[in-house]
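Engineer: Hey, dropping structure_15.txt in here, compact mmCIF, C-alpha atoms and all ligand atoms:
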```txt
# COMPACT_ATOMS: atom_id res chain seq x y z
CA MET E 128 -20.57 23.59 -37.74
CA SER E 129 -20.31 23.93 -33.95
CA GLU E 130 -17.20 25.10 -32.21
CA HIS E 131 -15.96 23.76 -28.88
CA VAL E 132 -13.37 25.23 -26.60
CA TYR E 133 -11.29 22.81 -24.57
CA GLN E 134 -9.44 24.16 -21.58
CA ARG E 135 -6.80 22.06 -19.86
CA PRO E 136 -7.39 21.82 -16.09
CA LYS E 137 -5.07 24.05 -14.13
CA LEU E 138 -2.02 21.92 -13.35
CA TYR E 139 0.95 22.98 -11.30
CA GLN E 140 4.31 23.33 -13.03
CA LYS E 141 5.73 19.96 -11.99
CA GLN E 142 2.62 18.22 -13.25
CA THR E 143 2.82 19.99 -16.61
CA ASP E 144 6.55 19.21 -17.00
CA ALA E 145 6.09 15.56 -16.10
CA PHE E 146 3.23 14.79 -18.45
CA PHE E 147 3.15 17.39 -21.22
CA ASN E 148 6.59 16.98 -22.72
CA ASP E 149 7.94 15.72 -26.03
CA SER E 150 9.35 12.41 -24.81
CA ARG E 151 7.73 9.36 -26.19
CA TYR E 152 8.07 7.62 -22.85
CA SER E 153 7.61 9.68 -19.73
CA TRP E 154 8.18 7.84 -16.45
CA ILE E 155 6.74 9.55 -13.39
CA GLU E 156 7.29 8.55 -9.80
CA GLY E 157 4.65 10.39 -7.82
CA SER E 158 3.66 10.46 -4.20
CA THR E 159 0.19 9.49 -3.21
CA LYS E 160 -2.44 12.17 -3.98
CA SER E 161 0.06 14.37 -5.80
CA GLY E 162 -2.25 14.63 -8.79
CA LYS E 163 -0.89 11.88 -11.03
CA THR E 164 -4.20 10.56 -12.26
CA VAL E 165 -5.71 13.98 -12.94
CA SER E 166 -2.68 15.00 -15.03
CA CYS E 167 -2.75 11.77 -17.01
CA MET E 168 -6.41 12.18 -17.77
CA ALA E 169 -5.81 15.64 -19.18
CA TRP E 170 -2.86 14.32 -21.20
CA LEU E 171 -4.68 11.32 -22.66
CA PHE E 172 -7.71 13.41 -23.53
CA GLU E 173 -5.52 15.92 -25.38
CA GLN E 174 -3.77 13.13 -27.26
CA ALA E 175 -7.17 11.82 -28.32
CA LEU E 176 -8.32 15.31 -29.25
CA PHE E 177 -5.30 16.21 -31.36
CA LEU E 178 -4.41 12.83 -32.91
CA GLY E 179 -7.93 11.44 -33.02
CA LYS E 180 -9.55 10.08 -36.17
CA PRO E 181 -12.60 7.81 -36.33
CA GLY E 182 -11.85 4.54 -34.56
CA ARG E 183 -8.35 5.44 -33.37
CA GLN E 184 -7.64 3.93 -29.95
CA PHE E 185 -6.25 5.70 -26.87
CA TRP E 186 -5.77 3.52 -23.83
CA TRP E 187 -5.89 3.94 -20.11
CA VAL E 188 -4.53 0.85 -18.37
CA ALA E 189 -4.78 0.22 -14.60
CA PRO E 190 -3.56 -2.86 -12.69
CA VAL E 191 -7.03 -4.26 -12.00
CA PHE E 192 -10.46 -3.85 -13.50
CA ALA E 193 -11.90 -1.95 -10.51
CA GLN E 194 -9.27 0.78 -10.90
CA ALA E 195 -9.88 1.08 -14.63
CA LYS E 196 -13.55 1.50 -13.83
CA ILE E 197 -12.87 4.31 -11.34
CA ALA E 198 -10.74 6.11 -13.93
CA TYR E 199 -13.47 5.68 -16.55
CA GLY E 200 -16.04 7.18 -14.18
CA ARG E 201 -13.74 10.08 -13.32
CA MET E 202 -13.02 10.97 -16.92
CA LYS E 203 -16.67 10.62 -17.91
CA ARG E 204 -17.69 13.06 -15.19
CA GLY E 205 -14.89 15.48 -16.01
CA LEU E 206 -15.54 15.94 -19.74
CA PRO E 207 -18.23 18.12 -21.37
CA HIS E 208 -21.12 15.76 -22.08
CA GLU E 209 -21.99 17.22 -25.45
CA LEU E 210 -18.49 16.31 -26.66
CA ILE E 211 -18.48 12.62 -25.74
CA ARG E 212 -20.42 9.39 -26.12
CA CYS E 213 -19.89 6.82 -23.35
CA ASN E 214 -20.29 3.07 -23.43
CA ASP E 215 -20.46 1.83 -19.84
CA THR E 216 -20.26 -1.86 -20.79
CA GLU E 217 -17.17 -1.49 -22.93
CA GLN E 218 -15.80 1.31 -20.74
CA THR E 219 -15.05 3.52 -23.70
CA ILE E 220 -15.45 7.24 -24.28
CA THR E 221 -15.78 8.34 -27.89
CA ILE E 222 -14.95 11.94 -28.70
CA ILE E 223 -17.82 12.91 -30.97
CA PRO E 224 -16.11 15.58 -33.13
CA ASN E 225 -13.26 13.33 -34.28
CA GLY E 226 -14.36 9.77 -33.50
CA ALA E 227 -11.34 8.91 -31.29
CA ILE E 228 -11.98 6.20 -28.70
CA ILE E 229 -10.53 6.28 -25.18
CA SER E 230 -10.68 2.77 -23.67
CA PHE E 231 -10.18 1.91 -20.00
CA LYS E 232 -8.57 -1.48 -19.48
CA SER E 233 -7.12 -3.69 -16.82
CA GLY E 234 -3.56 -5.00 -16.99
CA GLU E 235 -4.52 -8.35 -15.47
CA LYS E 236 -5.13 -10.42 -18.59
CA THR E 237 -2.33 -9.28 -20.81
CA ASP E 238 -3.45 -11.39 -23.78
CA ASN E 239 -6.35 -8.96 -24.17
CA LEU E 240 -3.91 -6.08 -24.49
CA TYR E 241 -2.30 -7.27 -27.72
CA GLY E 242 -3.48 -6.78 -31.23
CA GLU E 243 -4.72 -3.19 -31.55
CA ASP E 244 -2.91 -0.14 -32.84
CA VAL E 245 -2.92 2.37 -30.02
CA TRP E 246 -2.12 6.05 -30.53
CA ALA E 247 -1.30 6.98 -26.94
CA ALA E 248 -1.47 5.19 -23.61
CA VAL E 249 -1.35 5.74 -19.88
CA LEU E 250 -0.19 3.08 -17.44
CA ASP E 251 -1.59 4.18 -14.09
CA GLU E 252 -0.28 2.62 -10.86
CA ALA E 253 2.54 1.02 -12.84
CA SER E 254 4.46 -0.22 -9.79
CA ARG E 255 1.51 -2.52 -9.09
CA MET E 256 1.25 -3.80 -12.62
CA ARG E 257 2.84 -6.85 -14.15
CA VAL E 258 5.69 -6.21 -16.55
CA GLU E 259 3.81 -8.23 -19.18
CA ALA E 260 1.22 -5.45 -19.35
CA PHE E 261 3.97 -2.99 -20.22
CA TYR E 262 5.35 -5.29 -22.93
CA ALA E 263 1.87 -5.70 -24.39
CA ILE E 264 1.17 -1.98 -24.46
CA ARG E 265 4.52 -1.18 -25.96
CA SER E 266 3.75 -3.54 -28.79
CA THR E 267 0.46 -1.76 -29.49
CA LEU E 268 2.25 1.58 -29.80
CA THR E 269 4.87 0.35 -32.27
CA ALA E 270 3.04 0.95 -35.55
CA THR E 271 1.67 4.33 -34.46
CA ARG E 272 4.84 5.56 -32.73
CA GLY E 273 2.39 6.51 -29.98
CA HIS E 274 3.48 8.13 -26.74
CA VAL E 275 3.00 6.69 -23.28
CA ARG E 276 2.90 8.02 -19.73
CA ILE E 277 3.92 5.54 -17.06
CA ILE E 278 3.06 6.63 -13.54
CA GLY E 279 3.13 5.09 -10.12
CA ASN E 280 4.12 5.18 -6.48
CA VAL E 281 7.55 4.01 -5.46
CA LYS E 282 7.36 0.45 -4.17
CA GLY E 283 10.73 -1.08 -3.36
CA ARG E 284 13.51 -1.52 -5.89
CA LYS E 285 12.60 -4.86 -7.32
CA ASN E 286 10.01 -4.00 -9.93
CA TRP E 287 10.12 -3.11 -13.63
CA PHE E 288 8.69 0.36 -12.98
CA TYR E 289 11.53 1.22 -10.61
CA LEU E 290 14.10 -0.09 -13.10
CA GLY E 291 12.47 1.74 -16.02
CA CYS E 292 12.55 4.98 -14.04
CA ARG E 293 16.26 4.51 -13.36
CA LYS E 294 16.98 3.95 -17.07
CA ALA E 295 14.99 7.05 -18.01
CA GLU E 296 16.75 9.03 -15.31
CA GLY E 297 20.04 7.80 -16.74
CA GLY E 298 19.23 9.51 -20.05
CA GLU E 299 17.84 6.68 -22.23
CA THR E 300 16.91 8.14 -25.63
CA GLY E 301 13.23 8.93 -26.01
CA HIS E 302 12.59 8.51 -22.28
CA SER E 303 12.23 11.15 -19.62
CA TYR E 304 11.96 10.81 -15.89
CA HIS E 305 10.07 12.99 -13.40
CA LYS E 306 9.39 12.87 -9.72
CA ILE E 307 6.57 14.63 -7.88
CA ILE E 308 6.60 14.34 -4.10
CA ALA E 309 4.03 15.30 -1.51
CA THR E 310 5.82 18.53 -0.61
CA ASP E 311 5.45 19.66 -4.25
CA ALA E 312 1.72 19.03 -4.00
CA VAL E 313 1.64 20.89 -0.66
CA ALA E 314 3.52 23.84 -2.17
CA ALA E 315 1.01 23.89 -5.04
CA GLY E 316 -1.90 23.90 -2.58
CA VAL E 317 -3.27 20.56 -3.82
CA PHE E 318 -2.41 18.54 -0.71
CA PRO E 319 -2.86 19.82 2.86
CA GLN E 320 0.25 20.14 5.03
CA GLU E 321 -1.70 18.75 8.03
CA GLU E 322 -2.39 15.53 6.12
CA LEU E 323 1.29 15.14 5.39
CA ASP E 324 2.24 15.76 9.04
CA ASP E 325 -0.40 13.31 10.15
CA ALA E 326 0.85 10.61 7.76
CA ARG E 327 4.43 11.16 8.96
CA ARG E 328 3.35 10.56 12.56
CA ALA E 329 1.05 7.64 11.86
CA LEU E 330 3.06 5.55 9.40
CA PRO E 331 6.27 3.60 9.85
CA ASP E 332 9.16 5.65 8.50
CA ALA E 333 9.88 3.40 5.51
CA VAL E 334 6.24 3.41 4.43
CA PHE E 335 5.98 7.18 4.77
CA ARG E 336 9.14 7.73 2.76
CA GLU E 337 7.98 5.51 -0.08
CA LEU E 338 4.42 6.76 -0.24
CA TYR E 339 4.96 10.47 0.28
CA LEU E 340 8.58 11.20 -0.60
CA CYS E 341 9.13 8.60 -3.36
CA GLU E 342 12.20 7.20 -1.58
CA PRO E 343 12.42 3.45 -2.15
CA SER E 344 12.98 1.37 0.94
CA ASP E 345 15.84 -1.08 1.07
CA ASP E 346 13.64 -3.41 2.99
CA GLY E 347 11.76 -4.90 0.08
CA GLY E 348 8.51 -3.68 1.55
CA ASN E 349 9.11 -4.69 5.17
CA PRO E 350 7.04 -2.40 7.40
CA PHE E 351 9.25 -2.74 10.46
CA GLY E 352 12.58 -1.94 8.80
CA LEU E 353 15.11 -4.76 8.58
CA GLN E 354 17.85 -2.86 10.39
CA PHE E 355 15.48 -2.00 13.26
CA ILE E 356 14.33 -5.61 13.62
CA ARG E 357 17.97 -6.68 14.08
CA LEU E 358 18.79 -3.87 16.52
CA ASN E 359 16.24 -5.20 19.01
CA ILE E 360 17.53 -8.75 19.26
CA ALA E 361 18.32 -9.56 22.90
CA PRO E 362 18.48 -12.75 24.99
CA LEU E 363 15.43 -13.76 27.01
CA SER E 364 15.17 -11.68 30.15
CA ASN E 365 14.98 -13.26 33.61
CA ASP E 366 12.73 -10.50 34.95
CA ALA E 367 9.09 -11.10 35.79
CA PRO E 368 6.57 -10.60 32.99
CA CYS E 369 4.35 -7.54 33.27
CA VAL E 370 2.16 -8.28 30.24
CA TYR E 371 1.35 -11.09 27.83
CA GLY E 372 0.04 -11.13 24.29
CA ALA E 373 -1.58 -14.30 22.97
CA ASP E 374 -2.47 -15.23 19.43
CA LEU E 375 -4.76 -18.23 19.39
CA ALA E 376 -4.35 -20.93 16.76
CA LYS E 377 -7.12 -20.79 14.17
CA SER E 378 -7.10 -23.78 11.85
CA VAL E 379 -3.56 -24.56 10.77
CA ASP E 380 -1.26 -22.37 12.79
CA TRP E 381 0.06 -22.13 16.32
CA THR E 382 -0.98 -20.61 19.59
CA VAL E 383 1.72 -18.21 20.69
CA ILE E 384 1.99 -16.59 24.10
CA HIS E 385 4.48 -13.78 24.37
CA GLY E 386 5.54 -12.20 27.69
CA LEU E 387 7.30 -8.85 28.11
CA ASP E 388 8.99 -7.56 31.25
CA ALA E 389 8.73 -3.99 32.54
CA ARG E 390 11.44 -2.79 30.11
CA GLY E 391 9.74 -4.35 27.08
CA THR E 392 12.18 -7.25 26.83
CA THR E 393 10.83 -10.69 26.03
CA CYS E 394 10.92 -12.90 29.11
CA SER E 395 8.72 -15.73 27.94
CA HIS E 396 7.76 -17.12 24.54
CA THR E 397 5.67 -20.25 24.08
CA ARG E 398 4.45 -21.72 20.81
CA PHE E 399 2.27 -24.83 20.76
CA GLN E 400 -0.56 -26.71 19.09
CA LYS E 401 -3.02 -28.35 21.49
CA PRO E 402 -6.75 -29.07 21.71
CA TRP E 403 -8.81 -26.13 23.02
CA THR E 404 -9.27 -27.34 26.59
CA ASP E 405 -5.50 -27.88 26.95
CA THR E 406 -4.87 -24.50 25.33
CA ILE E 407 -7.01 -22.78 27.95
CA ASP E 408 -5.23 -24.61 30.80
CA HIS E 409 -1.87 -23.72 29.30
CA ILE E 410 -2.76 -20.04 29.07
CA LYS E 411 -3.95 -20.00 32.69
CA LEU E 412 -0.77 -21.72 33.80
CA ILE E 413 1.55 -19.31 31.98
CA CYS E 414 -0.30 -16.01 32.31
CA GLY E 415 -1.83 -16.40 35.77
CA HIS E 416 -3.01 -13.00 36.96
CA THR E 417 -0.80 -10.95 34.65
CA HIS E 418 -2.46 -8.49 32.25
CA THR E 419 -2.97 -10.47 29.01
CA VAL E 420 -4.43 -9.37 25.67
CA LEU E 421 -5.71 -12.10 23.37
CA ASP E 422 -6.98 -12.09 19.83
CA SER E 423 -10.65 -12.85 20.43
CA THR E 424 -11.76 -12.82 16.80
CA GLY E 425 -13.87 -15.85 15.87
CA VAL E 426 -12.98 -18.92 17.94
CA GLY E 427 -11.05 -16.68 20.33
CA ASP E 428 -14.24 -15.22 21.78
CA PRO E 429 -15.49 -18.24 23.82
CA ILE E 430 -11.92 -18.86 25.01
CA VAL E 431 -11.61 -15.38 26.44
CA GLU E 432 -14.99 -15.91 28.09
CA MET E 433 -13.76 -19.11 29.75
CA LEU E 434 -10.58 -17.39 30.88
CA ASN E 435 -12.59 -14.53 32.36
CA LYS E 436 -14.13 -17.03 34.77
CA VAL E 437 -10.75 -17.23 36.50
CA GLY E 438 -9.62 -13.62 36.14
CA ASP E 439 -10.48 -10.26 34.64
CA ASN E 440 -6.86 -9.77 33.59
CA TYR E 441 -7.69 -11.50 30.25
CA ILE E 442 -8.71 -8.94 27.67
CA GLY E 443 -10.03 -9.97 24.26
CA LEU E 444 -9.32 -7.85 21.21
CA LYS E 445 -11.53 -8.40 18.17
CA PHE E 446 -9.94 -7.59 14.88
CA ALA E 447 -11.49 -5.71 12.08
CA ALA E 448 -9.11 -5.02 9.19
CA GLN E 449 -8.45 -1.54 10.55
CA SER E 450 -7.69 -2.51 14.14
CA LYS E 451 -5.25 -5.14 12.90
CA GLN E 452 -3.43 -2.43 10.97
CA MET E 453 -3.31 -0.23 14.06
CA LEU E 454 -1.87 -3.08 16.07
CA MET E 455 0.81 -3.63 13.43
CA GLU E 456 1.60 0.06 13.28
CA GLY E 457 1.96 0.10 17.07
CA LEU E 458 4.44 -2.75 16.78
CA ALA E 459 6.35 -1.01 13.98
CA VAL E 460 6.66 2.14 16.09
CA ALA E 461 7.84 0.15 19.15
CA ILE E 462 10.45 -1.67 17.03
CA GLN E 463 11.70 1.53 15.46
CA ARG E 464 11.96 3.29 18.81
CA GLY E 465 13.71 0.33 20.43
CA GLU E 466 10.91 -0.14 22.96
CA VAL E 467 10.68 -3.92 22.55
CA GLN E 468 13.31 -6.69 22.48
CA TYR E 469 13.09 -10.35 21.47
CA PRO E 470 15.46 -13.29 21.00
CA ASP E 471 16.78 -14.33 17.58
CA GLY E 472 14.96 -17.16 15.82
CA VAL E 473 11.38 -17.69 14.74
CA ILE E 474 10.13 -14.24 15.88
CA VAL E 475 12.85 -12.45 13.96
CA SER E 476 12.32 -14.49 10.82
CA GLU E 477 8.56 -13.84 10.87
CA LEU E 478 9.19 -10.12 11.40
CA GLU E 479 11.68 -10.08 8.54
CA SER E 480 9.35 -11.71 6.07
CA PHE E 481 6.40 -9.42 6.80
CA GLU E 482 5.28 -7.23 3.93
CA TYR E 483 3.17 -4.21 3.38
CA GLU E 484 1.00 -3.50 0.50
CA TYR E 485 -0.83 -0.35 -0.55
CA THR E 486 -4.49 -0.73 -1.18
CA ARG E 487 -7.23 1.75 -2.05
CA THR E 488 -8.15 1.91 1.63
CA GLY E 489 -4.67 2.27 3.09
CA VAL E 490 -1.59 0.28 3.89
CA ARG E 491 -2.07 -3.39 4.72
CA TYR E 492 0.49 -5.45 6.63
CA SER E 493 0.61 -9.21 6.41
CA ALA E 494 2.79 -12.27 6.21
CA PRO E 495 3.46 -13.37 2.64
CA GLU E 496 0.93 -15.83 1.24
CA GLY E 497 1.30 -19.22 2.96
CA GLN E 498 3.59 -18.09 5.80
CA HIS E 499 2.85 -17.86 9.50
CA ASP E 500 2.25 -14.60 11.30
CA ASP E 501 1.38 -15.91 14.77
CA CYS E 502 4.63 -14.83 16.49
CA VAL E 503 4.30 -11.32 15.05
CA MET E 504 0.66 -11.15 16.13
CA ALA E 505 1.44 -12.31 19.68
CA LEU E 506 4.29 -9.81 19.93
CA ALA E 507 2.05 -7.02 18.62
CA LEU E 508 -0.62 -7.98 21.16
CA ALA E 509 1.96 -7.93 23.95
CA VAL E 510 3.13 -4.47 22.88
CA HIS E 511 -0.49 -3.35 22.80
CA ALA E 512 -1.01 -4.89 26.26
CA ARG E 513 1.98 -2.96 27.53
CA ASN E 514 0.68 0.32 26.13
CA SER E 515 -2.84 -0.26 27.44
CA ARG E 516 -2.31 -1.97 30.79
CA PRO E 517 -4.13 -0.54 33.78
CA PRO E 518 -1.99 1.50 36.17
CA GLU E 519 -0.39 -0.46 39.02
CA PRO E 520 -2.33 -0.06 42.27
CA GLN E 521 -0.69 2.63 44.37
CA VAL E 522 0.77 1.40 47.64
CA ILE E 523 0.56 4.17 50.16
CA VAL E 524 2.85 3.80 53.15
CA LEU E 525 1.48 5.64 56.14
N1 LIG E 601 -3.39 20.91 -10.16
C1 LIG E 601 -4.38 20.61 -9.36
N2 LIG E 601 -5.20 21.57 -8.90
C2 LIG E 601 -6.20 21.29 -8.06
N3 LIG E 601 -6.50 20.06 -7.61
C3 LIG E 601 -5.72 19.06 -8.02
C4 LIG E 601 -4.63 19.24 -8.91
N4 LIG E 601 -4.04 18.08 -9.13
C5 LIG E 601 -4.72 17.16 -8.40
N5 LIG E 601 -5.72 17.74 -7.75
C6 LIG E 601 -6.69 17.06 -6.83
O1 LIG E 601 -5.95 16.27 -5.92
C7 LIG E 601 -6.62 15.02 -5.67
C8 LIG E 601 -5.69 13.87 -6.00
O2 LIG E 601 -5.45 13.84 -7.39
P1 LIG E 601 -5.17 12.48 -8.16
O3 LIG E 601 -6.24 11.48 -7.89
O4 LIG E 601 -4.88 12.83 -9.56
O5 LIG E 601 -3.84 12.06 -7.41
P2 LIG E 601 -3.00 10.70 -7.50
O6 LIG E 601 -1.60 11.10 -7.34
O7 LIG E 601 -3.40 9.96 -8.72
O8 LIG E 601 -3.55 9.98 -6.21
P3 LIG E 601 -3.49 8.40 -5.80
O9 LIG E 601 -2.33 8.29 -4.92
O10 LIG E 601 -4.81 8.22 -5.08
O11 LIG E 601 -3.41 7.63 -7.07
C9 LIG E 601 -7.87 15.04 -6.55
O12 LIG E 601 -8.97 15.44 -5.75
C10 LIG E 601 -7.56 16.08 -7.60
O13 LIG E 601 -8.74 16.68 -8.10
MG MG E 602 -4.03 7.94 -8.94
```
I need this file expressed as structure tokens, please.
Ligand SMILES: Nc1ncnc2c1ncn2[C@@H]1O[C@H](COP(=O)(O)OP(=O)(O)OP(=O)(O)O)[C@@H](O)[C@H]1O
Ligand SMILES: [Mg+2]
Structural biologist:
Amino acid sequence: MSEHVYQRPKLYQKQTDAFFNDSRYSWIEGSTKSGKTVSCMAWLFEQALFLGKPGRQFWWVAPVFAQAKIAYGRMKRGLPHELIRCNDTEQTITIIPNGAIISFKSGEKTDNLYGEDVWAAVLDEASRMRVEAFYAIRSTLTATRGHVRIIGNVKGRKNWFYLGCRKAEGGETGHSYHKIIATDAVAAGVFPQEELDDARRALPDAVFRELYLCEPSDDGGNPFGLQFIRLNIAPLSNDAPCVYGADLAKSVDWTVIHGLDARGTTCSHTRFQKPWTDTIDHIKLICGHTHTVLDSTGVGDPIVEMLNKVGDNYIGLKFAAQSKQMLMEGLAVAIQRGEVQYPDGVIVSELESFEYEYTRTGVRYSAPEGQHDDCVMALALAVHARNSRPPEPQVIVL
């Protein structure tokens, strides 16, 4: 008979307390990169090791298939190969000595999550998962009295994960609540302080607080901050424009031209739908020789070319996903610092309905599905134009 020694990875105290406790339900709000997934992997593996019998199921559930796959790959790499048998098609890891099966699943199709008896489960990225997935998994743990670890980032106050955490925090029997924030991970040496400082500078305050400090925003995921949006409402200025931003209509939306004066106050705002030749004439008429930044992605490119025939004050900006995010972050910073003002109405309502979403590659800002974002884009382009405009020619009086 062979003997194997399992050693739990070295976790810091807050990680151990949050995951390795006696509660049946442990709810953990954790900042990004605080070591949530690593801790859960160690926990689920130990559950499978100690409760495992041939065929007994232990589940890892992630919001979408791709995330379940990443977790499967991570656990497969992290465990001693002689102890496990992996099935890449099924995404299962069988622990050879006791026959327990760890399965990696997606929470998308919840019908597939019913029916088995599960001995322990992890719900990773719970704030991005549908509540139906939680109901399904709970039902699978009923017969076994299995334990579950429910982990996620904070994401507003309107989701089942947030509400579950509040109940656990309030002392619900059998539930415990834990919070691990980025400064805990920094103190434990798992997350670099420079990264945290960098994120604080780069991200809008509300986003930073949710992602790194686990403080829910009251804004329902609005990247600009609802109170800041309202603080900057001002009547149209009568001063001369010093920059314009223009978002060109693609297929269904509007062309919007947004002018800012030297103080950053909106002095002109035009929204129209016209054929391309009229659009070009209209832009020339409004913007003249003023520094103007236009979205030149796709159909915008030939338009900027045509405009350049009359002046080199027209600058095209081509968007890749990342540059669009930077533009939005620039706008968020300007709004939060009070560096831009706009009149009440369509601009404000577009700003208010904007949302952010966390993805694997970062934070993504967009209008909700089916809503316009052209006023926000034009405003963001105008703010960018203001920050990037060439210096005024110096007039030297002799
Ligand atoms: N106690 C620890 N000691 C050393 N390294 C750790 C520890 N905990 C986590 N890490 C490392 O920190 C990184 C982030 O860990 P992990 O992926 O578990 O975090 P997370 O909170 O799930 O992140 P995400 O926000 O991406 O979901 C990984 O490289 C992991 O190996
Ligand atoms: Mg994770």
Engineer: Distance limit 6 Å, reference ligand LIG 601 (chain E), atoms considered: all atoms listed in the file. Which residues make the cut? Give them as an NGL selection string.
Structural biologist: :E and (137-139 or 159-165 or 317)
Engineer: Rounded to one decimal, what separation in Å do you get between CA of Ser344 in chain E and CA of Asp332 in chain E?
Structural biologist: 9.5 Å
Engineer: Using all atoms listed in the file, which protein or nucleic acid residues come within 8 Å of range 204-212 of chain E? Drop anything in the same chain fewer than 3 positions from it, and give the result as a PyMOL selection string.
Structural biologist: chain E and resi 200-201+220-224
Engineer: Determine the nearest neighbour of Ala145 in chain E from the options E:Pro518, E:Thr267, E:Ser166, E:Asn440, counting all atoms listed in the file.
Structural biologist: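 Among E:Pro518, E:Thr267, E:Ser166, E:Asn440, it is E:Ser166 that comes nearest to Ala145 in chain E.
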Engineer: Just the residues within 6 Å of range 463-471 of chain E, please, counting all atoms listed in the file, with nothing from its chain fewer than 5 positions along; format it as JSON, numbers by chain.
Structural biologist: {"E": [355, 359, 360, 361, 362, 391, 392, 393]}
Engineer: Counting only C-alpha atoms, which residue out of E:His416, E:Ile278, E:Arg272, E:Cys213 sits closest to Phe146 in chain E?
Structural biologist: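 Looking only at the distances to Phe146 in chain E, the closest residue turns out to be E:Ile278.
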Engineer: For the point (10.6, -12.7, 26.7) in file coordinates, what residues are within 7 Å, counting only C-alpha atoms? Give the answer as an MDAnalysis selection string?
Structural biologist: chainID E and resid 363:364 385:387 392:396 469
Engineer: Would you work out the distance separating CA of Lys196 in chain E from CA of Val490 in chain E, expressed in Å to one decimal?
Structural biologist: 21.4 Å
Engineer: Choose the residue, out of E:Val420, E:Val191, E:Ile197, E:Gly179, that has the smallest atom-to-atom separation from ligand MG 602 (chain E); count only C-alpha atoms and all ligand atoms.
Structural biologist: E:Ile197
Engineer: Rank nothing, just name the residue among E:Pro517, E:Pro190, E:Gly348, E:Gly297 nearest to ligand MG 602 (chain E), using only C-alpha atoms and all ligand atoms.
Structural biologist: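 Nearest to ligand MG 602 (chain E): E:Pro190.
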Engineer: For CA of Leu458 in chain E and CA of Ala507 in chain E, quote the distance in Å rounded to one decimal.
Structural biologist: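 Separating CA of Leu458 in chain E from CA of Ala507 in chain E is a distance of 5.2 Å.
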Engineer: Which of these, E:Gly438, E:Gly443, E:Pro350, E:Pro429, has the shortest distance to Phe481 in chain E once you count only C-alpha atoms?
Structural biologist: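 So, comparing all the options, the nearest one is E:Pro350.
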Engineer: When distances are computed from all atoms listed in the file, which of E:Arg284, E:Arg327, E:Arg357, E:Arg255 shows the smallest separation from ligand MG 602 (chain E)?
Structural biologist: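 Counting all atoms listed in the file, the residue closest to ligand MG 602 (chain E) is E:Arg255.
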Engineer: Show me, as a ChimeraX atom specification, the residues that have an atom within 9 Å of range 230-237 of chain E when counting only C-alpha atoms, minus same-chain residues fewer than 3 positions from it.
Structural biologist: /E:184-196,198-199,217-221,240-241,250,256-257,259-264
Engineer: Neighbours of Ile307 in chain E within 12 Å (all atoms listed in the file; same-chain residues fewer than 3 positions away dropped), as a PyMOL selection string?
Structural biologist: chain E and resi 139-146+154-163+166+278-281+304+310-315+338-342
Engineer: Contacts of Ala509 in chain E at 9 Å or less, counting all atoms listed in the file, minus same-chain residues fewer than 4 places along, as an MDAnalysis selection string?
Structural biologist: chainID E and resid 370:373 384:387 419:421 504:505 513:514
Engineer: Complete range 438-448 of chain E at the level of N, CA and C atoms, written as an mmCIF file, in the frame of the given file.
Structural biologist:
```
data_model
loop_
_atom_site.group_PDB
_atom_site.id
_atom_site.type_symbol
_atom_site.label_atom_id
_atom_site.label_comp_id
_atom_site.auth_asym_id
_atom_site.auth_seq_id
_atom_site.Cartn_x
_atom_site.Cartn_y
_atom_site.Cartn_z
ATOM 1 N N GLY E 438 -10.265 -14.914 35.868
ATOM 2 C CA GLY E 438 -9.620 -13.620 36.140
ATOM 3 C C GLY E 438 -10.027 -12.572 35.127
ATOM 4 N N ASP E 439 -10.107 -11.312 35.587
ATOM 5 C CA ASP E 439 -10.480 -10.260 34.640
ATOM 6 C C ASP E 439 -9.239 -9.606 34.022
ATOM 7 N N ASN E 440 -8.091 -10.271 34.207
ATOM 8 C CA ASN E 440 -6.860 -9.770 33.590
ATOM 9 C C ASN E 440 -6.754 -10.214 32.126
ATOM 10 N N TYR E 441 -7.726 -11.041 31.649
ATOM 11 C CA TYR E 441 -7.690 -11.500 30.250
ATOM 12 C C TYR E 441 -8.577 -10.600 29.398
ATOM 13 N N ILE E 442 -7.961 -9.900 28.485
ATOM 14 C CA ILE E 442 -8.710 -8.940 27.670
ATOM 15 C C ILE E 442 -8.724 -9.429 26.227
ATOM 16 N N GLY E 443 -9.914 -9.537 25.667
ATOM 17 C CA GLY E 443 -10.030 -9.970 24.260
ATOM 18 C C GLY E 443 -10.006 -8.766 23.335
ATOM 19 N N LEU E 444 -9.341 -8.924 22.210
ATOM 20 C CA LEU E 444 -9.320 -7.850 21.210
ATOM 21 C C LEU E 444 -9.861 -8.449 19.912
ATOM 22 N N LYS E 445 -10.948 -7.881 19.420
ATOM 23 C CA LYS E 445 -11.530 -8.400 18.170
ATOM 24 C C LYS E 445 -10.981 -7.600 17.007
ATOM 25 N N PHE E 446 -10.540 -8.305 15.998
ATOM 26 C CA PHE E 446 -9.940 -7.590 14.880
ATOM 27 C C PHE E 446 -10.918 -7.302 13.762
ATOM 28 N N ALA E 447 -10.951 -6.037 13.395
ATOM 29 C CA ALA E 447 -11.490 -5.710 12.080
ATOM 30 C C ALA E 447 -10.213 -5.367 11.307
ATOM 31 N N ALA E 448 -10.319 -5.287 9.985
ATOM 32 C CA ALA E 448 -9.110 -5.020 9.190
ATOM 33 C C ALA E 448 -8.352 -3.822 9.744
#
```
